[in-house]
file structure.cif (mmCIF, C-alpha atoms)
data_structure
#
loop_
_atom_site.group_PDB
_atom_site.id
_atom_site.type_symbol
_atom_site.label_atom_id
_atom_site.label_comp_id
_atom_site.auth_asym_id
_atom_site.auth_seq_id
_atom_site.Cartn_x
_atom_site.Cartn_y
_atom_site.Cartn_z
ATOM 1 C CA MET A 280 37.141 288.433 98.342
ATOM 2 C CA GLY A 281 38.444 286.556 95.377
ATOM 3 C CA VAL A 282 36.707 284.237 92.961
ATOM 4 C CA MET A 283 38.739 281.343 94.333
ATOM 5 C CA ALA A 284 37.182 281.855 97.706
ATOM 6 C CA ASP A 285 33.729 281.303 96.229
ATOM 7 C CA ARG A 286 34.941 278.276 94.293
ATOM 8 C CA LEU A 287 36.472 276.917 97.458
ATOM 9 C CA GLY A 288 33.217 277.505 99.267
ATOM 10 C CA ALA A 289 31.384 275.558 96.581
ATOM 11 C CA SER A 290 33.839 272.680 96.622
ATOM 12 C CA LEU A 291 33.613 272.004 100.315
ATOM 13 C CA ASP A 292 31.357 269.017 99.882
ATOM 14 C CA THR A 293 34.530 267.088 99.316
ATOM 15 C CA GLN A 294 37.871 267.611 101.024
ATOM 16 C CA ALA A 295 39.740 270.754 100.133
ATOM 17 C CA SER A 296 42.687 269.857 97.992
ATOM 18 C CA THR A 297 46.080 271.329 98.689
ATOM 19 C CA ARG A 298 46.242 272.981 95.278
ATOM 20 C CA GLU A 299 42.865 274.674 95.613
ATOM 21 C CA PHE A 300 43.741 275.733 99.095
ATOM 22 C CA GLY A 301 47.073 277.126 97.869
ATOM 23 C CA THR A 302 45.410 279.238 95.189
ATOM 24 C CA TRP A 303 42.845 280.528 97.640
ATOM 25 C CA MET A 304 45.555 281.255 100.190
ATOM 26 C CA ALA A 305 47.576 283.252 97.674
ATOM 27 C CA SER A 306 44.507 285.346 96.822
ATOM 28 C CA GLU A 307 43.708 286.114 100.473
ATOM 29 C CA GLN A 308 47.179 286.140 102.007
ATOM 30 C CA LYS A 309 48.008 289.825 101.620
ATOM 31 C CA ARG A 310 44.636 290.993 102.937
ATOM 32 C CA ILE A 311 44.769 288.680 105.929
ATOM 33 C CA PHE A 312 48.362 289.607 106.733
ATOM 34 C CA LEU A 313 47.558 293.336 106.620
ATOM 35 C CA LEU A 314 44.501 292.808 108.790
ATOM 36 C CA CYS A 315 46.619 290.918 111.348
ATOM 37 C CA ARG A 316 49.332 293.575 111.234
ATOM 38 C CA ARG A 317 46.826 296.344 111.835
ATOM 39 C CA LEU A 318 45.305 294.527 114.761
ATOM 40 C CA LEU A 319 48.593 293.381 116.299
ATOM 41 C CA GLN A 320 50.806 296.348 115.281
ATOM 42 C CA ASP A 321 53.749 294.011 114.853
ATOM 43 C CA VAL A 322 54.994 292.429 111.621
ATOM 44 C CA GLU A 323 56.512 289.321 113.202
ATOM 45 C CA GLU A 324 53.462 288.554 115.244
ATOM 46 C CA ALA A 325 51.178 289.295 112.294
ATOM 47 C CA ASP A 326 53.209 286.848 110.197
ATOM 48 C CA SER A 327 52.752 284.151 112.805
ATOM 49 C CA ALA A 328 49.035 284.965 113.257
ATOM 50 C CA THR A 329 48.487 284.810 109.484
ATOM 51 C CA GLN A 330 50.079 281.354 109.367
ATOM 52 C CA ASP A 331 47.950 280.244 112.315
ATOM 53 C CA ALA A 332 44.787 281.540 110.638
ATOM 54 C CA PHE A 333 45.442 279.641 107.389
ATOM 55 C CA LEU A 334 46.391 276.541 109.320
ATOM 56 C CA LYS A 335 43.156 276.684 111.315
ATOM 57 C CA ALA A 336 41.227 277.219 108.086
ATOM 58 C CA TRP A 337 42.906 274.178 106.507
ATOM 59 C CA GLN A 338 42.152 272.001 109.511
ATOM 60 C CA ALA A 339 38.533 273.174 109.571
ATOM 61 C CA LEU A 340 38.138 272.590 105.822
ATOM 62 C CA ASN A 341 39.255 269.014 106.229
ATOM 63 C CA ARG A 342 36.755 268.258 108.948
ATOM 64 C CA PRO A 343 33.908 266.204 107.515
ATOM 65 C CA GLU A 344 31.290 267.967 109.655
ATOM 66 C CA LEU A 345 31.989 271.383 108.062
ATOM 67 C CA LYS A 346 29.028 272.609 106.038
ATOM 68 C CA GLU A 347 29.362 274.550 102.795
ATOM 69 C CA LEU A 348 30.545 278.103 103.377
ATOM 70 C CA GLU A 349 28.460 281.018 102.234
ATOM 71 C CA ASP A 350 31.401 283.420 102.100
ATOM 72 C CA ALA A 351 34.832 281.855 102.523
ATOM 73 C CA GLY A 352 36.560 285.257 102.717
ATOM 74 C CA ARG A 353 34.397 286.396 105.601
ATOM 75 C CA TRP A 354 34.865 283.047 107.308
ATOM 76 C CA LEU A 355 38.636 283.378 107.019
ATOM 77 C CA THR A 356 38.470 286.961 108.289
ATOM 78 C CA ARG A 357 36.622 285.702 111.330
ATOM 79 C CA ILE A 358 39.323 283.117 111.996
ATOM 80 C CA ALA A 359 42.078 285.721 111.574
ATOM 81 C CA VAL A 360 40.387 288.299 113.820
ATOM 82 C CA ASN A 361 39.805 285.721 116.561
ATOM 83 C CA THR A 362 43.419 284.555 116.292
ATOM 84 C CA CYS A 363 44.609 288.156 116.698
ATOM 85 C CA LEU A 364 42.243 288.861 119.601
ATOM 86 C CA ASP A 365 43.530 285.742 121.399
ATOM 87 C CA ARG A 366 47.090 286.966 120.909
ATOM 88 C CA LEU A 367 46.239 290.467 122.100
ATOM 89 C CA ARG A 368 44.594 289.038 125.218
ATOM 90 C CA SER A 369 47.589 286.897 126.088
ATOM 91 C CA ARG A 370 49.945 289.796 125.250
ATOM 92 C CA ARG A 371 48.633 291.699 128.288
ATOM 93 C CA TRP A 372 50.612 289.319 130.481
ATOM 94 C CA GLN A 373 53.773 289.409 128.387
ATOM 95 C CA PHE A 374 55.568 292.359 129.984
ATOM 96 C CA TRP A 375 58.854 291.019 128.642
ATOM 97 C CA ARG A 376 57.641 291.244 125.048
ATOM 98 C CA LYS A 377 60.022 293.147 122.781
ATOM 99 C CA ARG A 378 58.722 296.079 120.827
ATOM 100 C CA PRO A 379 58.448 295.662 117.046
ATOM 101 C CA ASN A 380 61.403 296.829 115.037
ATOM 102 C CA GLN A 381 60.472 299.739 112.758
ATOM 103 C CA GLN A 382 63.265 298.938 110.280
ATOM 104 C CA ASP A 383 61.997 295.385 109.824
ATOM 105 C CA GLU A 384 58.547 296.797 109.150
ATOM 106 C CA GLN A 385 59.893 299.179 106.527
ATOM 107 C CA SER A 386 61.697 296.402 104.681
ATOM 108 C CA ILE A 387 58.510 294.357 104.429
ATOM 109 C CA LEU A 388 55.939 297.081 103.924
ATOM 110 C CA GLU A 389 56.070 300.021 101.642
ATOM 111 C CA LEU A 390 53.126 302.288 101.063
ATOM 112 C CA ALA A 391 51.984 301.715 97.529
ATOM 113 C CA ALA A 392 53.099 304.407 95.174
ATOM 114 C CA THR A 393 49.918 306.425 95.142
ATOM 115 C CA GLY A 394 48.466 307.674 91.961
ATOM 116 C CA GLY A 395 48.416 311.097 93.632
ATOM 117 C CA PRO A 396 49.737 314.085 91.755
ATOM 118 C CA ASN A 397 52.712 314.819 93.987
ATOM 119 C CA ALA A 398 55.097 313.547 96.622
ATOM 120 C CA GLU A 399 53.534 315.788 99.265
ATOM 121 C CA ASP A 400 50.271 313.861 98.996
ATOM 122 C CA HIS A 401 52.127 310.583 99.387
ATOM 123 C CA PHE A 402 54.044 311.851 102.393
ATOM 124 C CA PHE A 403 50.852 313.134 103.978
ATOM 125 C CA ALA A 404 49.085 309.816 103.431
ATOM 126 C CA THR A 405 51.970 307.824 104.916
ATOM 127 C CA GLU A 406 52.403 310.078 107.922
ATOM 128 C CA ILE A 407 48.750 310.335 108.877
ATOM 129 C CA ALA A 408 47.989 306.688 108.177
ATOM 130 C CA GLY A 409 50.920 305.760 110.458
ATOM 131 C CA LYS A 410 49.639 308.098 113.164
ATOM 132 C CA LEU A 411 46.184 306.549 112.995
ATOM 133 C CA GLU A 412 47.570 303.010 113.176
ATOM 134 C CA GLY A 413 49.594 303.963 116.249
ATOM 135 C CA ALA A 414 46.519 305.484 117.866
ATOM 136 C CA LEU A 415 44.629 302.178 117.605
ATOM 137 C CA GLU A 416 46.423 301.206 120.832
ATOM 138 C CA LYS A 417 44.064 303.597 122.635
ATOM 139 C CA LEU A 418 41.125 301.359 121.793
ATOM 140 C CA SER A 419 39.836 298.307 123.591
ATOM 141 C CA LEU A 420 40.255 295.006 121.742
ATOM 142 C CA ARG A 421 36.677 294.943 120.475
ATOM 143 C CA GLN A 422 36.778 298.605 119.469
ATOM 144 C CA ARG A 423 40.047 298.009 117.614
ATOM 145 C CA ALA A 424 38.629 295.039 115.758
ATOM 146 C CA VAL A 425 35.424 296.875 114.824
ATOM 147 C CA PHE A 426 37.243 300.022 113.715
ATOM 148 C CA THR A 427 39.835 298.083 111.698
ATOM 149 C CA LEU A 428 37.200 296.076 109.872
ATOM 150 C CA ARG A 429 35.195 299.209 109.106
ATOM 151 C CA HIS A 430 38.001 301.603 108.269
ATOM 152 C CA TYR A 431 40.448 299.384 106.390
ATOM 153 C CA GLU A 432 38.232 296.622 105.040
ATOM 154 C CA ASP A 433 35.125 298.772 104.544
ATOM 155 C CA ARG A 434 32.917 296.028 105.993
ATOM 156 C CA SER A 435 29.254 296.731 106.635
ATOM 157 C CA MET A 436 27.881 296.729 110.174
ATOM 158 C CA ALA A 437 26.129 293.426 109.484
ATOM 159 C CA GLU A 438 29.347 291.796 108.256
ATOM 160 C CA ILE A 439 31.310 293.067 111.259
ATOM 161 C CA ALA A 440 28.581 291.784 113.564
ATOM 162 C CA GLU A 441 28.812 288.347 111.964
ATOM 163 C CA ILE A 442 32.608 288.236 111.999
ATOM 164 C CA LEU A 443 32.817 289.221 115.666
ATOM 165 C CA ASP A 444 29.696 287.347 116.709
ATOM 166 C CA LEU A 445 28.051 290.493 118.081
ATOM 167 C CA ASP A 446 24.719 292.143 117.391
ATOM 168 C CA ILE A 447 24.624 295.208 115.151
ATOM 169 C CA GLY A 448 23.722 297.548 118.016
ATOM 170 C CA THR A 449 26.843 296.513 119.930
ATOM 171 C CA VAL A 450 28.987 296.979 116.817
ATOM 172 C CA LYS A 451 27.631 300.521 116.428
ATOM 173 C CA VAL A 452 28.369 301.318 120.060
ATOM 174 C CA HIS A 453 31.958 300.047 119.715
ATOM 175 C CA LEU A 454 32.448 301.976 116.489
ATOM 176 C CA PHE A 455 30.971 305.151 117.975
ATOM 177 C CA ARG A 456 33.314 304.926 120.975
ATOM 178 C CA ALA A 457 36.291 304.132 118.753
ATOM 179 C CA THR A 458 35.708 307.162 116.505
ATOM 180 C CA ALA A 459 35.242 309.333 119.606
ATOM 181 C CA LYS A 460 38.599 308.159 121.016
ATOM 182 C CA LEU A 461 40.306 308.704 117.660
ATOM 183 C CA ARG A 462 38.703 312.113 117.126
ATOM 184 C CA GLU A 463 42.027 313.966 116.976
ATOM 185 C CA GLU A 464 43.627 311.492 114.561
ATOM 186 C CA LEU A 465 40.544 311.402 112.350
ATOM 187 C CA HIS A 466 40.487 315.192 112.320
ATOM 188 C CA ASP A 467 44.097 315.222 111.088
ATOM 189 C CA LEU A 468 43.299 312.515 108.626
ATOM 190 C CA TYR A 469 40.321 314.109 106.977
ATOM 191 C CA PHE A 470 40.050 317.773 107.872
ATOM 192 C CA ARG A 471 43.548 319.208 108.239
ATOM 193 C CA HIS A 472 44.591 320.699 104.923
ATOM 194 C CA MET B 162 20.298 325.892 106.230
ATOM 195 C CA LYS B 163 22.624 324.161 108.705
ATOM 196 C CA HIS B 164 25.716 322.592 107.169
ATOM 197 C CA TRP B 165 27.092 319.276 108.332
ATOM 198 C CA ASN B 166 29.961 319.612 110.793
ATOM 199 C CA GLU B 167 33.074 317.456 111.261
ATOM 200 C CA ASN B 168 31.284 315.058 113.584
ATOM 201 C CA ASP B 169 28.473 314.565 111.092
ATOM 202 C CA PHE B 170 30.937 313.767 108.334
ATOM 203 C CA SER B 171 32.989 311.425 110.548
ATOM 204 C CA GLU B 172 29.890 309.528 111.594
ATOM 205 C CA TRP B 173 28.700 309.325 107.994
ATOM 206 C CA LEU B 174 32.094 308.019 106.850
ATOM 207 C CA TYR B 175 31.898 305.157 109.317
ATOM 208 C CA GLY B 176 28.259 304.297 108.685
ATOM 209 C CA LEU B 177 26.938 305.815 111.913
ATOM 210 C CA LYS B 178 24.923 308.538 110.195
ATOM 211 C CA ASN B 179 22.752 308.378 107.118
ATOM 212 C CA GLU B 180 22.628 310.943 104.347
ATOM 213 C CA ASP B 181 19.781 313.370 104.953
ATOM 214 C CA HIS B 182 17.646 315.893 103.097
ATOM 215 C CA HIS B 183 20.215 318.643 103.607
ATOM 216 C CA LEU B 184 22.805 316.842 101.525
ATOM 217 C CA GLU B 185 20.475 316.646 98.571
ATOM 218 C CA GLU B 186 20.128 320.403 98.591
ATOM 219 C CA CYS B 187 23.629 321.502 99.603
ATOM 220 C CA PRO B 188 26.328 321.299 96.917
ATOM 221 C CA GLU B 189 28.940 322.442 99.430
ATOM 222 C CA CYS B 190 28.361 319.501 101.779
ATOM 223 C CA ARG B 191 28.095 317.095 98.835
ATOM 224 C CA GLY B 192 31.465 318.356 97.616
ATOM 225 C CA GLU B 193 32.983 317.817 101.070
ATOM 226 C CA MET B 194 31.548 314.321 101.096
ATOM 227 C CA GLN B 195 33.203 313.536 97.777
ATOM 228 C CA ARG B 196 36.510 314.944 99.024
ATOM 229 C CA LEU B 197 36.338 312.758 102.126
ATOM 230 C CA ARG B 198 35.627 309.674 100.021
ATOM 231 C CA THR B 199 38.769 310.378 97.992
ATOM 232 C CA VAL B 200 40.893 310.962 101.096
ATOM 233 C CA ARG B 201 39.648 307.750 102.650
ATOM 234 C CA ALA B 202 40.391 305.741 99.524
ATOM 235 C CA ARG B 203 43.938 307.115 99.510
ATOM 236 C CA ILE B 204 44.547 306.553 103.199
ATOM 237 C CA THR B 205 43.286 302.973 103.221
ATOM 238 C CA GLU B 206 45.186 301.990 100.109
ATOM 239 C CA GLN B 207 46.943 298.694 100.761
ATOM 240 C CA PRO B 208 50.693 298.962 101.146
ATOM 241 C CA GLU B 209 52.877 296.820 98.938
ATOM 242 C CA ILE B 210 54.326 293.805 100.676
ATOM 243 C CA SER B 211 57.647 292.277 99.765
ATOM 244 C CA GLN B 212 57.080 289.252 97.503
ATOM 245 C CA ASP B 213 59.945 287.415 99.201
ATOM 246 C CA PHE B 214 58.235 287.876 102.525
ATOM 247 C CA LEU B 215 54.915 286.557 101.205
ATOM 248 C CA ALA B 216 56.603 283.568 99.565
ATOM 249 C CA ALA B 217 58.437 282.723 102.811
ATOM 250 C CA GLN B 218 55.146 282.991 104.670
ATOM 251 C CA ARG B 219 53.470 280.581 102.236
ATOM 252 C CA ARG B 220 56.338 278.118 102.633
ATOM 253 C CA GLY B 221 55.877 278.328 106.385
ATOM 254 C CA ILE B 222 52.163 277.601 106.049
ATOM 255 C CA TYR B 223 52.709 274.639 103.698
ATOM 256 C CA ARG B 224 55.307 273.201 106.062
ATOM 257 C CA ARG B 225 52.853 273.406 108.951
ATOM 258 C CA LEU B 226 49.934 271.890 107.003
ATOM 259 C CA TYR B 227 51.457 268.439 107.161
ATOM 260 C CA GLU B 228 53.194 268.625 110.507
ATOM 261 C CA PRO B 229 51.805 266.286 113.147
ATOM 262 C CA ARG B 230 49.397 268.184 115.346
ATOM 263 C CA HIS B 231 50.444 268.879 118.915
ATOM 264 C CA ASN B 232 47.773 269.254 121.477
ATOM 265 C CA TRP B 233 49.027 272.457 123.114
ATOM 266 C CA ALA B 234 45.638 272.935 124.745
ATOM 267 C CA MET B 235 46.469 270.020 127.052
ATOM 268 C CA LEU B 236 49.723 271.701 128.085
ATOM 269 C CA ARG B 237 47.887 274.926 128.794
ATOM 270 C CA TRP B 238 45.915 273.124 131.498
ATOM 271 C CA ALA B 239 48.848 271.124 132.840
ATOM 272 C CA LEU B 240 50.287 273.814 135.150
ATOM 273 C CA PRO B 241 46.970 274.782 136.804
ATOM 274 C CA ALA B 242 46.150 271.074 137.193
ATOM 275 C CA VAL B 243 49.496 270.394 138.897
ATOM 276 C CA MET B 244 48.931 273.375 141.203
ATOM 277 C CA VAL B 245 45.474 272.125 142.191
ATOM 278 C CA LEU B 246 46.858 268.657 142.887
ATOM 279 C CA VAL B 247 49.627 270.095 145.087
ATOM 280 C CA MET B 248 47.067 272.152 147.030
ATOM 281 C CA VAL B 249 44.762 269.171 147.549
ATOM 282 C CA PHE B 250 47.701 267.044 148.685
ATOM 283 C CA GLY B 251 48.840 269.772 151.090
ATOM 284 C CA LEU B 252 45.373 270.177 152.589
ATOM 285 C CA THR B 253 44.954 266.431 153.029
ATOM 286 C CA LEU B 254 48.327 266.195 154.727
ATOM 287 C CA GLN B 255 47.486 269.085 157.066
ATOM 288 C CA ARG B 256 44.125 267.578 158.015
ATOM 289 C CA SER B 257 45.569 264.179 158.717
ATOM 290 C CA ARG B 258 48.076 265.796 161.112
ATOM 291 C CA ARG B 259 45.335 267.702 162.881
ATOM 292 C CA ALA B 260 43.093 264.622 163.303
ATOM 293 C CA ALA B 261 42.206 263.644 166.892
ATOM 294 C CA PRO B 262 44.715 261.289 168.530
ATOM 295 C CA ALA B 263 43.710 257.681 168.363
ATOM 296 C CA ILE B 264 42.582 256.118 171.651
ATOM 297 C CA SER B 265 43.018 252.550 172.709
ATOM 298 C CA ASP B 266 40.118 250.059 172.705
ATOM 299 C CA GLU B 267 40.443 249.761 176.440
ATOM 300 C CA GLN B 268 40.005 253.517 176.949
ATOM 301 C CA LEU B 269 37.031 253.555 174.568
ATOM 302 C CA PHE B 270 35.187 250.758 176.356
ATOM 303 C CA SER B 271 35.848 252.308 179.762
ATOM 304 C CA ASP B 272 34.411 255.657 178.543
ATOM 305 C CA LEU B 273 31.339 253.903 177.120
ATOM 306 C CA THR B 274 30.760 252.015 180.350
ATOM 307 C CA ALA B 275 31.048 255.239 182.358
ATOM 308 C CA ILE B 276 28.474 256.919 180.127
ATOM 309 C CA GLU B 277 26.108 253.980 180.409
ATOM 310 C CA GLN B 278 26.348 253.747 184.168
ATOM 311 C CA SER B 279 25.935 257.431 184.807
ATOM 312 C CA ALA B 280 22.353 258.516 185.623
ATOM 313 C CA GLU B 281 22.964 261.986 184.241
ATOM 314 C CA PRO B 282 24.028 262.906 180.762
ATOM 315 C CA ARG B 283 27.662 264.017 180.500
ATOM 316 C CA ALA B 284 26.633 267.446 179.277
ATOM 317 C CA ILE B 285 25.299 268.288 182.769
ATOM 318 C CA ALA B 286 28.786 268.019 184.346
ATOM 319 C CA PRO B 287 29.857 271.638 183.556
ATOM 320 C CA MET B 288 26.644 272.903 185.173
ATOM 321 C CA HIS B 289 27.444 271.065 188.395
ATOM 322 C CA LYS B 290 30.771 272.891 188.515
ATOM 323 C CA LEU B 291 28.956 276.223 188.540
ATOM 324 C CA PHE B 292 27.132 275.335 191.768
ATOM 325 C CA GLU B 293 30.120 273.759 193.493
ATOM 326 C CA GLN B 294 31.557 277.242 194.262
#
call {"tool": "encode", "arguments": {"input": "structure.cif", "output": "structure tokens"}}
result
Amino acid sequence: MGVMADRLGASLDTQASTREFGTWMASEQKRIFLLCRRLLQDVEEADSATQDAFLKAWQALNRPELKELEDAGRWLTRIAVNTCLDRLRSRRWQFWRKRPNQQDEQSILELAATGGPNAEDHFFATEIAGKLEGALEKLSLRQRAVFTLRHYEDRSMAEIAEILDLDIGTVKVHLFRATAKLREELHDLYFRH
Amino acid sequence: MKHWNENDFSEWLYGLKNEDHHLEECPECRGEMQRLRTVRARITEQPEISQDFLAAQRRGIYRRLYEPRHNWAMLRWALPAVMVLVMVFGLTLQRSRRAAPAISDEQLFSDLTAIEQSAEPRAIAPMHKLFEQ
């Protein structure tokens, strides 16, 4: 969470200005887009969900009844996760939906050149990370959201509980079930040398 | 001394298991823990995203910030509402067709007079028929 997010949180007594919002958006955009992509598994849809999330944030920030935010980054994450969950729920009925194009994904995303000592490490990281992302489809929506927030964003149980509006016990249950379902992928990820 | 197994390490990685006394004493398990931390950091490293893509996304957001707001929520309810209205209309139409045929005032008054003049209630009539045979 960037410094701008805190500044934005502090400046919410008045209306959020476009410039402040723009700076904050630029600092959070990549994280939010990646979160949406991991949840939705589709670049195009993640792009649209990211735009929706920022738009909702902007509209909420301009409502006079909004109180000062304690953590603007977490608040935005909550908006983004809920936007993605809504899309995933409605996707169940969209049997005509086209599958995401892998080539489009490649042109937008490239795994960062790791600081690892050799190309083999990089290849391993890309391959296994891709396998794990694909396996997220096995999880229920809640399990996917909990696992994504824990694994990729390294959020604490309390933060995840707040973002998803669940109690900590429920978050632990979802995470436990998610790791059990992903046992094979996690084994490959961490223990196959 | 029982070493941590894969499940223990997985649960620890995801915050489902706390570090215990064994880890303090076992350099082997501590080493494995460190290795797993490194692997996780590498695996969850954020991919680079095309700057052109991000810029286009920001333009899209800015464009939408000042667009007039459409109330799509209303449209979402429009189809179910129309369906309910059609059903209600259909039911009303069906009921009105099934309603008892109207009788003339003359017929009504003659029935009332017959009821008034009869010493027995009309409900007894079917019972009489039983004894007629």
call {"tool": "interface_residues", "arguments": {"input": "structure.cif", "of": "chain B", "to": "chain A", "cutoff": "9 Å", "atoms": "all atoms listed in the file", "output": "ChimeraX atom specification"}}
result
/B:167-168,171-172,174-177,196-197,200-201,203-215,218-219,221-223,225-226
call {"tool": "residues_around", "arguments": {"input": "structure.cif", "residues": "region 362-371 of chain A", "least_positions_apart": "3", "cutoff": "12 Å", "atoms": "all atoms listed in the file", "output": "PyMOL selection string"}}
result
chain A and resi 311-321+324-336+355-359+374-378+416+419-425+443
call {"tool": "atom_distance", "arguments": {"input": "structure.cif", "atom1": "CA of Leu428 (chain A)", "atom2": "CA of Leu348 (chain A)"}}
result
20.2 Å
call {"tool": "atom_distance", "arguments": {"input": "structure.cif", "atom1": "CA of Glu349 (chain A)", "atom2": "CA of Ile439 (chain A)"}}
result
15.3 Å
call {"tool": "atom_distance", "arguments": {"input": "structure.cif", "atom1": "CA of Gly251 (chain B)", "atom2": "CA of Ile264 (chain B)"}}
result
25.5 Å
call {"tool": "closest_residue", "arguments": {"input": "structure.cif", "among": "A:Glu463, A:Glu299, A:Glu307, A:Glu323", "to": "Arg353 (chain A)", "atoms": "all atoms listed in the file"}}
result
A:Glu307
call {"tool": "resolve_selection", "arguments": {"input": "structure.cif", "expression": "the PyMOL selection byres ((chain B and resi 164) around 12)", "output": "number ranges by chain"}}
result
B: 162-163, 165-170, 181-194
call {"tool": "build_atoms", "arguments": {"input": "structure.cif", "residues": "region 273-287 of chain B", "atoms": "N, CA and C atoms", "output": "tab-separated table (two decimals), in the frame of the given file"}}
result
chain	number	residue	atom	x	y	z
B	273	LEU	N	32.73	254.30	177.44
B	273	LEU	CA	31.34	253.90	177.12
B	273	LEU	C	30.63	253.36	178.37
B	274	THR	N	31.35	252.57	179.14
B	274	THR	CA	30.76	252.02	180.35
B	274	THR	C	30.40	253.14	181.31
B	275	ALA	N	31.31	254.12	181.46
B	275	ALA	CA	31.05	255.24	182.36
B	275	ALA	C	29.81	256.00	181.93
B	276	ILE	N	29.65	256.19	180.64
B	276	ILE	CA	28.47	256.92	180.13
B	276	ILE	C	27.21	256.14	180.43
B	277	GLU	N	27.28	254.83	180.20
B	277	GLU	CA	26.11	253.98	180.41
B	277	GLU	C	25.66	253.94	181.87
B	278	GLN	N	26.67	253.90	182.75
B	278	GLN	CA	26.35	253.75	184.17
B	278	GLN	C	25.91	255.07	184.80
B	279	SER	N	26.28	256.13	184.23
B	279	SER	CA	25.94	257.43	184.81
B	279	SER	C	24.44	257.70	184.63
B	280	ALA	N	23.80	258.22	185.70
B	280	ALA	CA	22.35	258.52	185.62
B	280	ALA	C	22.12	259.80	184.85
B	281	GLU	N	23.11	260.68	184.91
B	281	GLU	CA	22.96	261.99	184.24
B	281	GLU	C	23.72	262.01	182.91
B	282	PRO	N	23.24	262.78	181.99
B	282	PRO	CA	24.03	262.91	180.76
B	282	PRO	C	25.33	263.67	181.05
B	283	ARG	N	26.35	263.40	180.24
B	283	ARG	CA	27.66	264.02	180.50
B	283	ARG	C	27.62	265.53	180.33
B	284	ALA	N	26.70	266.01	179.54
B	284	ALA	CA	26.63	267.45	179.28
B	284	ALA	C	26.26	268.24	180.52
B	285	ILE	N	25.71	267.60	181.54
B	285	ILE	CA	25.30	268.29	182.77
B	285	ILE	C	26.53	268.64	183.62
B	286	ALA	N	27.60	267.86	183.49
B	286	ALA	CA	28.79	268.02	184.35
B	286	ALA	C	29.27	269.46	184.49
B	287	PRO	N	29.41	270.25	183.39
B	287	PRO	CA	29.86	271.64	183.56
B	287	PRO	C	28.90	272.46	184.42
